[in-house]
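This report refers to the structure that appears directly beneath it.
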Amino acid sequence: MSGRPEISDLVLAIDGGNSKTDVMLVSRDGEVLSRVRGIGSPPQTVGMQRGLDTFESLIVEAARQAGYAGTAPFAAHTSAYLAGADLPKEEQFLQEAITARGWSATTTVANDTFALLRAGSPTGAGVAVVCGAGINGVGVAPDGRVHRFPALGRISGDWGGGAHLGSEALWLAVRAEDGRGEPTALLPAIREHFAVPTLLELIERLHFGELSEDVLHELSPLLFRVAGQGDAVAQQVVDRLIDEVSVLATVSLRQLDLTAEPVHVVLGGGVLTGVGPAVIEQVAKRCRAVAPLAEIIVVDPPPVVGAALAGLDVLGADREAETRLRAGFLAPAATESAPVDGGAEEAAAV
C-alpha cells in the first residue's frame, strides 16, 4: 500500500465494551484506515493477560488490513476507552499494562463514558450519561476539572442499565402472574417474547441454566414499548430511569459549576438511543431546569469514534480531521436545544 501515513501519524482507537471490542486505525488527517470488531474482553473481567491478548489480536488485524506490519508499534498514540474502568486507580493500572505492550509511544486509558462525551462535544467538555448494559455519568469542565461516579453497581448507588431494566420488567411480570403485584401488560408481553405459557416455565429455565440471564437485556426495549402503550406499571420504571439519568447529569453540572453557561449534555448507549423522543424530552426538561443553556445531544455513532477523536486531540490534529472522521459515521443530532427565553424562570422554580 503506497502513500500510506507513517506510524507516527496514526491513532490506535479502542472501544472495549462488555459485549464487543471495536478497534480503529486513524490517520492524523482523520481518515479511517481500518476498523475491526471482536468479542468483548474487559481485562477487569476476563483477566489482564487474556483481555489484552484479545485487544492485540484485533489490533494486529487492523494493522494488516491497513497495510502495515502486524508488529508493534502500531501508532503514535493509543486511545483506549474501556467499560469497567470505573475508578482512576483502575485506569492507571490499565494504562501501565497497555503501555508495557508497546503498541504506541503514548497511551491514554479512560472509562468509555469519556469517549461518549468527546463524540458529542466538539471540545470534550460537558456532561455525558451512558445507559447501555449499565449506567454511568461523567462531567468535564472547560478548565479540565472532572466529576465522575464510581459506577460499580448497587454498592455505589447505581440504578439502571439494560440488564437492570430487563430484570425489573421480569420481576414485575412475575408478581403480576402469581398475585403479589399489580396487573401489568408486561406479563403477556414477556410470555409472548419467550413463547412460554407461564413465567414459571421461564423462571425454571433461567434457574437451571437452560437460558442465560443475558436474555434479560432483551426485555429493556419491551419495557419501553409496553410503557408507551399506556401501561402504568411499566411507566413507573421508565419514570425512575428518567430520574436517574437526569440526576447523573444535573449532579455533575452542579459540581462543576456549569449551570449558568452553555454546556453540552450528551446521552448515549443502547438504551438511551432507543427510548424515543418522549423520554429524551423529559431528561432535557430536567437538565435545563438546572442549566437553562444546556444543549441535550443524543449520540448514535459508535463510541470508538469518540476514542479516535480524543486520540486526534493528543496528536494536535485540526478541525478538518475531526470533520473528516465524523463524515463516515452518523453525526450527533441535537435533540433539545436551550430555550430562547423562560429558562431562568424554569431554573428558579427548582
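How things are named: the first chain in the C-alpha cells is A, the next is B, and so on; residues count from 1 in each chain; ligands count from 1 in the order shown.
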
For Gly84 in chain A: contacts at 9 Å, only C-alpha atoms, fewer than 6 positions along chain excluded, given as a short mmCIF file (atom, residue, chain, number, x, y, z; two decimals) with C-alpha atoms, in the first residue's frame:
```
data_model
loop_
_atom_site.label_atom_id
_atom_site.label_comp_id
_atom_site.auth_asym_id
_atom_site.auth_seq_id
_atom_site.Cartn_x
_atom_site.Cartn_y
_atom_site.Cartn_z
CA GLY A 16 -13.54 -2.02 24.90
CA GLY A 17 -17.13 -2.80 25.79
CA ASN A 18 -18.59 -5.66 27.79
CA PRO A 42 -12.77 -6.43 29.56
CA PRO A 43 -9.41 -7.09 31.28
CA GLN A 44 -11.07 -6.47 34.65
CA THR A 45 -13.48 -9.32 33.95
CA GLU A 90 -8.23 1.09 37.54
CA ASN A 111 -13.76 4.96 31.03
CA ASP A 112 -15.84 4.65 27.87
CA ALA A 151 -20.41 3.16 38.75
CA LEU A 152 -19.82 -0.18 40.47
#
```

For this session: For range 200-211 of chain A, please output as a PyMOL selection string all residues within 10 Å (counting only C-alpha atoms; exclusion window: fewer than 5 positions along the same chain).
Result: chain A and resi 170+174+177-178+190-191+194-195+216

Residues from the last selection, all heavy atoms, saved as a compact mmCIF listing (two decimals), in the first residue's frame:
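Written file, out.txt:
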```
# COMPACT_ATOMS: atom_id res chain seq x y z
N LEU A 170 -39.12 -8.25 34.36
CA LEU A 170 -39.46 -9.63 34.69
C LEU A 170 -40.01 -9.72 36.11
O LEU A 170 -41.00 -10.44 36.37
CB LEU A 170 -38.24 -10.53 34.53
CG LEU A 170 -38.44 -12.01 34.88
CD1 LEU A 170 -39.54 -12.63 34.02
CD2 LEU A 170 -37.13 -12.79 34.73
N VAL A 174 -43.62 -11.29 36.94
CA VAL A 174 -43.75 -12.49 37.77
C VAL A 174 -44.73 -12.23 38.91
O VAL A 174 -45.60 -13.06 39.22
CB VAL A 174 -42.37 -12.92 38.31
CG1 VAL A 174 -42.53 -13.96 39.42
CG2 VAL A 174 -41.52 -13.49 37.19
N GLU A 177 -48.23 -12.24 37.74
CA GLU A 177 -48.73 -13.58 37.45
C GLU A 177 -49.13 -14.34 38.71
O GLU A 177 -50.15 -15.04 38.73
CB GLU A 177 -47.66 -14.37 36.69
CG GLU A 177 -48.12 -15.77 36.27
CD GLU A 177 -47.10 -16.47 35.39
OE1 GLU A 177 -46.11 -17.02 35.94
OE2 GLU A 177 -47.29 -16.47 34.16
N ASP A 178 -48.33 -14.20 39.79
CA ASP A 178 -48.64 -15.01 40.98
C ASP A 178 -49.49 -14.27 42.01
O ASP A 178 -49.80 -14.81 43.07
CB ASP A 178 -47.34 -15.53 41.62
CG ASP A 178 -46.45 -14.44 42.21
OD1 ASP A 178 -46.94 -13.33 42.49
OD2 ASP A 178 -45.24 -14.71 42.38
N ILE A 190 -44.09 -10.50 27.99
CA ILE A 190 -42.92 -11.34 28.25
C ILE A 190 -43.23 -12.81 27.94
O ILE A 190 -42.38 -13.53 27.41
CB ILE A 190 -42.44 -11.16 29.71
CG1 ILE A 190 -41.94 -9.74 29.91
CG2 ILE A 190 -41.33 -12.16 30.05
CD1 ILE A 190 -41.54 -9.40 31.32
N ARG A 191 -44.44 -13.26 28.25
CA ARG A 191 -44.82 -14.62 27.86
C ARG A 191 -44.68 -14.80 26.35
O ARG A 191 -44.13 -15.79 25.87
CB ARG A 191 -46.27 -14.90 28.27
CG ARG A 191 -46.51 -15.16 29.75
CD ARG A 191 -48.00 -15.26 29.98
NE ARG A 191 -48.36 -15.58 31.36
CZ ARG A 191 -49.60 -15.49 31.84
NH1 ARG A 191 -50.59 -15.09 31.05
NH2 ARG A 191 -49.85 -15.81 33.11
N PHE A 194 -40.93 -14.85 25.04
CA PHE A 194 -40.19 -16.10 25.24
C PHE A 194 -41.00 -17.34 24.84
O PHE A 194 -40.51 -18.46 25.02
CB PHE A 194 -39.75 -16.22 26.70
CG PHE A 194 -38.65 -15.27 27.08
CD1 PHE A 194 -38.91 -14.16 27.86
CD2 PHE A 194 -37.36 -15.48 26.62
CE1 PHE A 194 -37.90 -13.28 28.21
CE2 PHE A 194 -36.34 -14.60 26.97
CZ PHE A 194 -36.61 -13.49 27.75
N ALA A 195 -42.20 -17.12 24.31
CA ALA A 195 -43.05 -18.22 23.85
C ALA A 195 -43.26 -19.26 24.94
O ALA A 195 -43.06 -20.47 24.75
CB ALA A 195 -42.47 -18.87 22.59
N LEU A 216 -32.14 -11.23 29.67
CA LEU A 216 -32.91 -10.17 30.31
C LEU A 216 -32.70 -8.82 29.63
O LEU A 216 -33.56 -7.94 29.70
CB LEU A 216 -32.55 -10.08 31.80
CG LEU A 216 -32.91 -11.32 32.65
CD1 LEU A 216 -32.52 -11.10 34.10
CD2 LEU A 216 -34.39 -11.65 32.53
```

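Residues with any atom within 9 Å of His264 in chain A, counting only C-alpha atoms and excluding same-chain neighbours fewer than 6 positions away, are Leu117, Gly120, Ser121, Ala125, Gly126, Val127, Ala128, Leu293, Ala294, Glu295, Ile296 and Ile297 of chain A.
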
Generate the output file for the selected residues, all heavy atoms, as a CSV table (one decimal), in the first residue's frame.
```
chain,number,residue,atom,x,y,z
A,117,LEU,N,-18.7,11.4,25.7
A,117,LEU,CA,-18.7,12.8,25.8
A,117,LEU,C,-17.9,13.5,24.7
A,117,LEU,O,-18.4,14.4,24.1
A,117,LEU,CB,-18.0,13.2,27.1
A,117,LEU,CG,-17.9,14.7,27.4
A,117,LEU,CD1,-19.2,15.4,27.3
A,117,LEU,CD2,-17.2,14.9,28.8
A,120,GLY,N,-19.8,13.6,21.4
A,120,GLY,CA,-20.9,14.5,21.3
A,120,GLY,C,-20.5,16.0,21.5
A,120,GLY,O,-21.3,16.9,21.3
A,121,SER,N,-19.3,16.2,22.0
A,121,SER,CA,-18.9,17.6,22.3
A,121,SER,C,-17.7,17.9,21.5
A,121,SER,O,-16.7,17.2,21.4
A,121,SER,CB,-18.5,17.7,23.8
A,121,SER,OG,-17.8,18.9,24.0
A,125,ALA,N,-15.6,18.9,26.5
A,125,ALA,CA,-16.1,19.5,27.8
A,125,ALA,C,-17.6,19.3,27.8
A,125,ALA,O,-18.3,19.3,26.7
A,125,ALA,CB,-15.8,20.9,28.0
A,126,GLY,N,-18.2,19.1,29.0
A,126,GLY,CA,-19.6,19.0,29.1
A,126,GLY,C,-19.9,17.8,30.1
A,126,GLY,O,-19.1,17.4,30.9
A,127,VAL,N,-21.1,17.3,29.9
A,127,VAL,CA,-21.5,16.1,30.8
A,127,VAL,C,-22.1,15.0,29.9
A,127,VAL,O,-22.7,15.3,28.8
A,127,VAL,CB,-22.7,16.6,31.7
A,127,VAL,CG1,-23.3,15.4,32.4
A,127,VAL,CG2,-22.1,17.6,32.8
A,128,ALA,N,-21.8,13.8,30.2
A,128,ALA,CA,-22.3,12.7,29.4
A,128,ALA,C,-22.9,11.6,30.4
A,128,ALA,O,-22.3,11.4,31.5
A,128,ALA,CB,-21.1,12.0,28.6
A,293,LEU,N,-29.1,26.9,29.8
A,293,LEU,CA,-28.4,27.0,28.5
A,293,LEU,C,-27.9,25.7,28.0
A,293,LEU,O,-27.1,25.6,27.0
A,293,LEU,CB,-27.3,28.0,28.6
A,293,LEU,CG,-27.7,29.4,29.0
A,293,LEU,CD1,-26.4,30.3,29.1
A,293,LEU,CD2,-28.7,30.0,28.0
A,294,ALA,N,-28.2,24.6,28.6
A,294,ALA,CA,-27.8,23.3,28.2
A,294,ALA,C,-28.4,22.8,26.9
A,294,ALA,O,-29.5,23.1,26.6
A,294,ALA,CB,-28.1,22.2,29.3
A,295,GLU,N,-27.5,22.2,26.1
A,295,GLU,CA,-28.0,21.6,24.8
A,295,GLU,C,-27.9,20.1,25.0
A,295,GLU,O,-26.8,19.5,25.3
A,295,GLU,CB,-27.1,22.0,23.7
A,295,GLU,CG,-27.6,21.4,22.3
A,295,GLU,CD,-26.7,21.9,21.2
A,295,GLU,OE1,-25.7,22.5,21.4
A,295,GLU,OE2,-27.1,21.6,20.0
A,296,ILE,N,-29.0,19.4,24.9
A,296,ILE,CA,-29.0,17.9,25.1
A,296,ILE,C,-28.8,17.3,23.7
A,296,ILE,O,-29.6,17.5,22.8
A,296,ILE,CB,-30.3,17.5,25.7
A,296,ILE,CG1,-30.3,17.9,27.2
A,296,ILE,CG2,-30.5,16.0,25.6
A,296,ILE,CD1,-30.3,19.3,27.6
A,297,ILE,N,-27.9,16.4,23.6
A,297,ILE,CA,-27.5,15.7,22.4
A,297,ILE,C,-27.5,14.2,22.6
A,297,ILE,O,-26.9,13.7,23.5
A,297,ILE,CB,-26.1,16.1,21.9
A,297,ILE,CG1,-26.0,17.7,21.7
A,297,ILE,CG2,-25.7,15.4,20.7
A,297,ILE,CD1,-24.6,18.2,21.5
```

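Between Leu309 in chain A and the candidates A:Asp243, A:Glu261, A:Glu31, A:Asp231, the tightest atom-to-atom separation, counting only C-alpha atoms, involves A:Glu31.
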
Going by DSSP on the backbone, which bits of range 122-225 of chain A are strand (DSSP E)? Write them as a CSV table (one decimal) with all heavy atoms, in the first residue's frame, please.
```csv
chain,number,residue,atom,x,y,z
A,126,GLY,N,-18.2,19.1,29.0
A,126,GLY,CA,-19.6,19.0,29.1
A,126,GLY,C,-19.9,17.8,30.1
A,126,GLY,O,-19.1,17.4,30.9
A,127,VAL,N,-21.1,17.3,29.9
A,127,VAL,CA,-21.5,16.1,30.8
A,127,VAL,C,-22.1,15.0,29.9
A,127,VAL,O,-22.7,15.3,28.8
A,127,VAL,CB,-22.7,16.6,31.7
A,127,VAL,CG1,-23.3,15.4,32.4
A,127,VAL,CG2,-22.1,17.6,32.8
A,128,ALA,N,-21.8,13.8,30.2
A,128,ALA,CA,-22.3,12.7,29.4
A,128,ALA,C,-22.9,11.6,30.4
A,128,ALA,O,-22.3,11.4,31.5
A,128,ALA,CB,-21.1,12.0,28.6
A,129,VAL,N,-24.0,11.0,29.9
A,129,VAL,CA,-24.6,9.9,30.6
A,129,VAL,C,-24.8,8.8,29.6
A,129,VAL,O,-25.4,9.0,28.6
A,129,VAL,CB,-26.0,10.3,31.2
A,129,VAL,CG1,-26.6,9.1,31.9
A,129,VAL,CG2,-25.8,11.5,32.2
A,130,VAL,N,-24.3,7.6,30.0
A,130,VAL,CA,-24.4,6.5,29.1
A,130,VAL,C,-25.3,5.5,29.8
A,130,VAL,O,-25.2,5.3,31.0
A,130,VAL,CB,-23.1,5.8,28.8
A,130,VAL,CG1,-22.3,5.3,30.1
A,130,VAL,CG2,-23.2,4.7,27.8
A,131,CYS,N,-26.3,4.9,29.1
A,131,CYS,CA,-27.1,3.9,29.6
A,131,CYS,C,-27.2,2.8,28.6
A,131,CYS,O,-27.9,2.9,27.5
A,131,CYS,CB,-28.5,4.4,30.0
A,131,CYS,SG,-29.5,3.1,30.8
A,135,ILE,N,-25.1,1.8,33.6
A,135,ILE,CA,-25.3,3.2,33.6
A,135,ILE,C,-24.2,4.0,34.2
A,135,ILE,O,-23.6,3.5,35.2
A,135,ILE,CB,-26.7,3.6,34.3
A,135,ILE,CG1,-27.1,5.0,34.0
A,135,ILE,CG2,-26.7,3.3,35.7
A,135,ILE,CD1,-28.5,5.3,34.4
A,136,ASN,N,-23.8,5.1,33.7
A,136,ASN,CA,-22.7,5.9,34.3
A,136,ASN,C,-22.8,7.3,33.8
A,136,ASN,O,-23.5,7.6,32.8
A,136,ASN,CB,-21.4,5.3,33.8
A,136,ASN,CG,-20.2,5.7,34.7
A,136,ASN,OD1,-20.4,6.5,35.6
A,136,ASN,ND2,-19.0,5.3,34.3
A,137,GLY,N,-22.1,8.2,34.5
A,137,GLY,CA,-22.1,9.6,34.1
A,137,GLY,C,-20.8,10.2,34.4
A,137,GLY,O,-20.1,9.9,35.4
A,138,VAL,N,-20.3,11.2,33.6
A,138,VAL,CA,-19.1,11.9,33.8
A,138,VAL,C,-19.3,13.4,33.4
A,138,VAL,O,-20.2,13.7,32.6
A,138,VAL,CB,-17.9,11.4,33.1
A,138,VAL,CG1,-17.6,9.9,33.5
A,138,VAL,CG2,-18.1,11.5,31.5
A,139,GLY,N,-18.5,14.2,34.0
A,139,GLY,CA,-18.5,15.6,33.5
A,139,GLY,C,-17.1,16.2,33.5
A,139,GLY,O,-16.2,15.8,34.3
A,140,VAL,N,-16.8,17.0,32.5
A,140,VAL,CA,-15.5,17.6,32.3
A,140,VAL,C,-15.8,19.1,32.1
A,140,VAL,O,-16.5,19.5,31.1
A,140,VAL,CB,-14.8,17.0,31.1
A,140,VAL,CG1,-13.4,17.8,30.9
A,140,VAL,CG2,-14.5,15.5,31.3
A,146,VAL,N,-12.8,17.4,36.5
A,146,VAL,CA,-13.6,16.2,36.2
A,146,VAL,C,-14.5,15.9,37.4
A,146,VAL,O,-14.1,15.9,38.5
A,146,VAL,CB,-12.7,15.0,35.9
A,146,VAL,CG1,-13.5,13.7,35.7
A,146,VAL,CG2,-11.9,15.3,34.6
A,147,HIS,N,-15.7,15.5,37.1
A,147,HIS,CA,-16.6,14.9,38.1
A,147,HIS,C,-17.1,13.6,37.5
A,147,HIS,O,-17.4,13.5,36.4
A,147,HIS,CB,-17.8,15.8,38.4
A,147,HIS,CG,-18.7,15.2,39.4
A,147,HIS,ND1,-19.9,14.6,39.1
A,147,HIS,CD2,-18.6,15.1,40.8
A,147,HIS,CE1,-20.5,14.1,40.2
A,147,HIS,NE2,-19.7,14.5,41.2
A,148,ARG,N,-17.1,12.6,38.4
A,148,ARG,CA,-17.5,11.2,37.9
A,148,ARG,C,-18.1,10.4,39.1
A,148,ARG,O,-18.0,10.9,40.2
A,148,ARG,CB,-16.3,10.5,37.3
A,148,ARG,CG,-15.1,10.2,38.3
A,148,ARG,CD,-13.9,9.8,37.6
A,148,ARG,NE,-14.1,8.5,36.9
A,148,ARG,CZ,-13.1,7.9,36.2
A,148,ARG,NH1,-11.9,8.5,36.1
A,148,ARG,NH2,-13.3,6.8,35.5
```

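The shell of residues at most 12 Å from Ala232 in chain A, with only C-alpha atoms counted and near chain neighbours (fewer than 2 positions) removed, consists of Leu172, Glu182, Pro183, Thr184, Ala185, Leu186, Leu223, Phe224, Val226, Ala227, Gly228, Gln229, Gly230, Ala234, Gln235, Gln236, Val237, Val238 and Asp239 of chain A.
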
For this session: Return the single residue from A:Val304, A:Leu165, A:Val32, A:Ala97 that is closest to Lys20 in chain A, with distances computed using only C-alpha atoms.
Result: A:Val304

Counting only C-alpha atoms, give me one row per residue of range 264-327 of chain A with an atom at most 12 Å from an atom of range 34-40 of chain A, showing the shortest contact pair and its distance in Å to one decimal, sorted by chain then residue number, as JSON lines.
```
{"residue": "A:Pro302", "atom": "CA", "partner": "A:Arg37", "partner_atom": "CA", "distance": 11.3}
{"residue": "A:Val304", "atom": "CA", "partner": "A:Arg35", "partner_atom": "CA", "distance": 9.6}
{"residue": "A:Val305", "atom": "CA", "partner": "A:Arg35", "partner_atom": "CA", "distance": 10.7}
{"residue": "A:Ala308", "atom": "CA", "partner": "A:Arg35", "partner_atom": "CA", "distance": 11.3}
```

Put those residues in a file: C-alpha atoms, as a PDB file, in the first residue's frame.
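Below you can see result-v4.pdb, which holds the result:
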```pdb
ATOM      1  CA  PRO A 302     -20.065   4.061  17.737  1.00  0.00           C
ATOM      2  CA  VAL A 304     -14.822   4.172  19.088  1.00  0.00           C
ATOM      3  CA  VAL A 305     -15.329   7.427  17.165  1.00  0.00           C
ATOM      4  CA  ALA A 308     -10.420   8.277  17.945  1.00  0.00           C
TER       5      ALA A 308
END
```

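With CA of Gly269 in chain A on one side and CA of Thr250 in chain A on the other, the separation reads 18.2 Å.
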
For this session: Give me the residues within 6 Å of range 66-72 of chain A as a PyMOL selection string, counting only C-alpha atoms and dropping any in the same chain fewer than 5 places off.
Result: chain A and resi 1+33-34+60+103

For this session: List every residue of range 7-194 of chain A that DSSP, applied to the backbone of this structure, places in alpha helix (DSSP H), and write the result as a PyMOL selection string.
Result: chain A and resi 43-46+48-65+88-101+112-120+162-178+186-194

Atoms kept (C-alpha atoms) for selection, written as an mmCIF file, in the first residue's frame:
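Contents of the output file out29.cif:
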```
data_model
loop_
_atom_site.group_PDB
_atom_site.id
_atom_site.type_symbol
_atom_site.label_atom_id
_atom_site.label_comp_id
_atom_site.auth_asym_id
_atom_site.auth_seq_id
_atom_site.Cartn_x
_atom_site.Cartn_y
_atom_site.Cartn_z
ATOM 1 C CA PRO A 43 -9.412 -7.091 31.285
ATOM 2 C CA GLN A 44 -11.066 -6.474 34.653
ATOM 3 C CA THR A 45 -13.484 -9.322 33.950
ATOM 4 C CA VAL A 46 -11.563 -11.906 31.923
ATOM 5 C CA MET A 48 -5.442 -8.717 32.248
ATOM 6 C CA GLN A 49 -3.444 -11.159 30.103
ATOM 7 C CA ARG A 50 -6.433 -12.581 28.280
ATOM 8 C CA GLY A 51 -8.103 -9.215 27.804
ATOM 9 C CA LEU A 52 -5.038 -7.505 26.377
ATOM 10 C CA ASP A 53 -4.261 -10.519 24.186
ATOM 11 C CA THR A 54 -7.737 -10.199 22.692
ATOM 12 C CA PHE A 55 -7.210 -6.490 22.088
ATOM 13 C CA GLU A 56 -3.832 -7.160 20.487
ATOM 14 C CA SER A 57 -5.193 -9.792 18.105
ATOM 15 C CA LEU A 58 -7.712 -7.249 16.831
ATOM 16 C CA ILE A 59 -5.036 -4.556 16.612
ATOM 17 C CA VAL A 60 -2.788 -6.819 14.546
ATOM 18 C CA GLU A 61 -5.689 -7.491 12.177
ATOM 19 C CA ALA A 62 -6.463 -3.768 11.923
ATOM 20 C CA ALA A 63 -2.819 -3.053 11.096
ATOM 21 C CA ARG A 64 -2.771 -5.811 8.490
ATOM 22 C CA GLN A 65 -5.943 -4.523 6.836
ATOM 23 C CA PRO A 88 -8.962 6.369 38.432
ATOM 24 C CA LYS A 89 -6.900 3.622 40.075
ATOM 25 C CA GLU A 90 -8.232 1.092 37.537
ATOM 26 C CA GLU A 91 -7.482 3.445 34.669
ATOM 27 C CA GLN A 92 -3.908 3.904 35.864
ATOM 28 C CA PHE A 93 -3.390 0.164 36.255
ATOM 29 C CA LEU A 94 -4.750 -0.485 32.762
ATOM 30 C CA GLN A 95 -2.682 2.326 31.295
ATOM 31 C CA GLU A 96 0.509 0.856 32.743
ATOM 32 C CA ALA A 97 -0.352 -2.592 31.390
ATOM 33 C CA ILE A 98 -1.206 -1.302 27.909
ATOM 34 C CA THR A 99 1.844 0.950 27.795
ATOM 35 C CA ALA A 100 4.005 -2.081 28.572
ATOM 36 C CA ARG A 101 2.693 -3.736 25.394
ATOM 37 C CA ASP A 112 -15.838 4.649 27.866
ATOM 38 C CA THR A 113 -18.227 7.362 29.071
ATOM 39 C CA PHE A 114 -15.471 9.902 28.346
ATOM 40 C CA ALA A 115 -15.435 8.665 24.731
ATOM 41 C CA LEU A 116 -19.183 9.265 24.552
ATOM 42 C CA LEU A 117 -18.654 12.813 25.809
ATOM 43 C CA ARG A 118 -15.971 13.500 23.194
ATOM 44 C CA ALA A 119 -18.187 12.052 20.460
ATOM 45 C CA GLY A 120 -20.925 14.530 21.323
ATOM 46 C CA GLY A 162 -30.380 -2.523 30.172
ATOM 47 C CA ALA A 163 -29.833 -5.610 32.295
ATOM 48 C CA HIS A 164 -31.321 -3.941 35.354
ATOM 49 C CA LEU A 165 -34.354 -2.676 33.447
ATOM 50 C CA GLY A 166 -34.960 -6.115 31.984
ATOM 51 C CA SER A 167 -34.727 -7.661 35.431
ATOM 52 C CA GLU A 168 -37.222 -5.120 36.774
ATOM 53 C CA ALA A 169 -39.633 -5.919 33.937
ATOM 54 C CA LEU A 170 -39.464 -9.633 34.690
ATOM 55 C CA TRP A 171 -39.849 -9.034 38.449
ATOM 56 C CA LEU A 172 -42.993 -7.003 37.917
ATOM 57 C CA ALA A 173 -44.453 -9.526 35.482
ATOM 58 C CA VAL A 174 -43.753 -12.490 37.773
ATOM 59 C CA ARG A 175 -45.511 -10.765 40.662
ATOM 60 C CA ALA A 176 -48.444 -9.924 38.426
ATOM 61 C CA GLU A 177 -48.728 -13.582 37.449
ATOM 62 C CA ASP A 178 -48.638 -15.010 40.983
ATOM 63 C CA LEU A 186 -45.653 -6.757 30.861
ATOM 64 C CA LEU A 187 -46.963 -10.218 31.761
ATOM 65 C CA PRO A 188 -48.448 -11.198 28.385
ATOM 66 C CA ALA A 189 -45.696 -9.350 26.546
ATOM 67 C CA ILE A 190 -42.920 -11.344 28.254
ATOM 68 C CA ARG A 191 -44.825 -14.624 27.861
ATOM 69 C CA GLU A 192 -45.126 -13.914 24.147
ATOM 70 C CA HIS A 193 -41.496 -12.812 23.847
ATOM 71 C CA PHE A 194 -40.195 -16.100 25.243
#
```

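Contact shell of Thr78 in chain A at 10 Å (only C-alpha atoms; same-chain neighbours under 6 positions omitted): Leu10, Val11, Leu12, Ala13, Ile14, Leu25, Gln95, Ile98, Thr99, Gly102, Trp103, Ser104, Ala105, Thr106, Thr107, Thr108, Val109, Ala307, Ala308, Ala310, Gly311 and Val314 of chain A.
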
Exercise. Excluding same-chain residues fewer than 5 positions from Glu6 in chain A, what lies within 10 Å of it counting only C-alpha atoms, as a list in words?
Worked result: Ser27, Arg28, Tyr68, Phe74, Ala75 and Ala76 of chain A
